[in-house]
Amino acid sequence: MSDNFKPYLEDNKKYEIRTFYSGWGWFLFTVIGMSATPSKIEVIEKATGKIVDQSVEPEILKNFVGR
């Protein structure tokens, strides 16, 4: 995992990770219950609601399968 995202994961009281899925990924994840790789993630600061980081890089996204 990229070192850029580690602080966000460690401080889950301050940050929220929001995942986005393609139509097929959403279907697999919600209807069938299979884990799917998100198509995008955003890190949101809970206090302000602002997006502080985001990624569409496959190397980053594979760490968020099923979240």
# chains A, B, ... in the order shown; residues from 1 in each chain; ligands from 1
>>> residues_around(residues="Ser39 of chain A", least_positions_apart="6", cutoff="8 Å", atoms="only C-alpha atoms", output="number ranges by chain")
A: 19-22, 56, 61
>>> residues_around(residues="Ile44 of chain A", least_positions_apart="4", cutoff="8 Å", atoms="only C-alpha atoms", output="list in words")
Tyr15, Glu16, Ile17, Arg18, Gly49, Lys50, Ile51, Val52 and Asp53 of chain A
>>> closest_residue(among="A:Lys46, A:Gly23, A:Pro38, A:Ile60", to="Lys6 of chain A", atoms="only C-alpha atoms")
A:Ile60
>>> atom_distance(atom1="atom CA of Ser55 of chain A", atom2="atom CA of Lys13 of chain A")
20.5 Å
>>> select_by_dssp(residues="segment 32-62 of chain A", states="strand (DSSP E)", output="PyMOL selection string")
chain A and resi 40-45+51-55
>>> write_last_selection(atoms="N, CA and C atoms", output="PDB file, in the first residue's frame")
ATOM      1  N   LYS A  40     -12.689   3.482  -7.560  1.00  0.00           N
ATOM      2  CA  LYS A  40     -12.135   4.736  -7.054  1.00  0.00           C
ATOM      3  C   LYS A  40     -12.310   4.770  -5.543  1.00  0.00           C
ATOM      4  N   ILE A  41     -11.383   5.414  -4.847  1.00  0.00           N
ATOM      5  CA  ILE A  41     -11.549   5.665  -3.418  1.00  0.00           C
ATOM      6  C   ILE A  41     -11.314   7.144  -3.144  1.00  0.00           C
ATOM      7  N   GLU A  42     -12.014   7.641  -2.143  1.00  0.00           N
ATOM      8  CA  GLU A  42     -11.823   9.008  -1.676  1.00  0.00           C
ATOM      9  C   GLU A  42     -11.618   8.972  -0.167  1.00  0.00           C
ATOM     10  N   VAL A  43     -10.726   9.830   0.311  1.00  0.00           N
ATOM     11  CA  VAL A  43     -10.515   9.994   1.750  1.00  0.00           C
ATOM     12  C   VAL A  43     -11.150  11.318   2.133  1.00  0.00           C
ATOM     13  N   ILE A  44     -12.077  11.261   3.090  1.00  0.00           N
ATOM     14  CA  ILE A  44     -12.823  12.449   3.483  1.00  0.00           C
ATOM     15  C   ILE A  44     -12.551  12.758   4.944  1.00  0.00           C
ATOM     16  N   GLU A  45     -12.231  13.999   5.217  1.00  0.00           N
ATOM     17  CA  GLU A  45     -12.043  14.438   6.595  1.00  0.00           C
ATOM     18  C   GLU A  45     -13.427  14.602   7.221  1.00  0.00           C
ATOM     19  N   ILE A  51     -12.842  16.328   0.681  1.00  0.00           N
ATOM     20  CA  ILE A  51     -12.010  15.253   0.152  1.00  0.00           C
ATOM     21  C   ILE A  51     -10.560  15.689   0.292  1.00  0.00           C
ATOM     22  N   VAL A  52      -9.756  14.895   1.019  1.00  0.00           N
ATOM     23  CA  VAL A  52      -8.359  15.250   1.224  1.00  0.00           C
ATOM     24  C   VAL A  52      -7.420  14.425   0.352  1.00  0.00           C
ATOM     25  N   ASP A  53      -7.912  13.311  -0.197  1.00  0.00           N
ATOM     26  CA  ASP A  53      -7.104  12.488  -1.090  1.00  0.00           C
ATOM     27  C   ASP A  53      -8.037  11.564  -1.851  1.00  0.00           C
ATOM     28  N   GLN A  54      -7.576  11.086  -2.993  1.00  0.00           N
ATOM     29  CA  GLN A  54      -8.342  10.119  -3.782  1.00  0.00           C
ATOM     30  C   GLN A  54      -7.395   9.346  -4.676  1.00  0.00           C
ATOM     31  N   SER A  55      -7.861   8.197  -5.162  1.00  0.00           N
ATOM     32  CA  SER A  55      -7.016   7.394  -6.031  1.00  0.00           C
ATOM     33  C   SER A  55      -7.859   6.513  -6.943  1.00  0.00           C
TER      34      SER A  55
END
>>> atom_distance(atom1="atom CA of Ser35 of chain A", atom2="atom CA of Ala47 of chain A")
29.5 Å
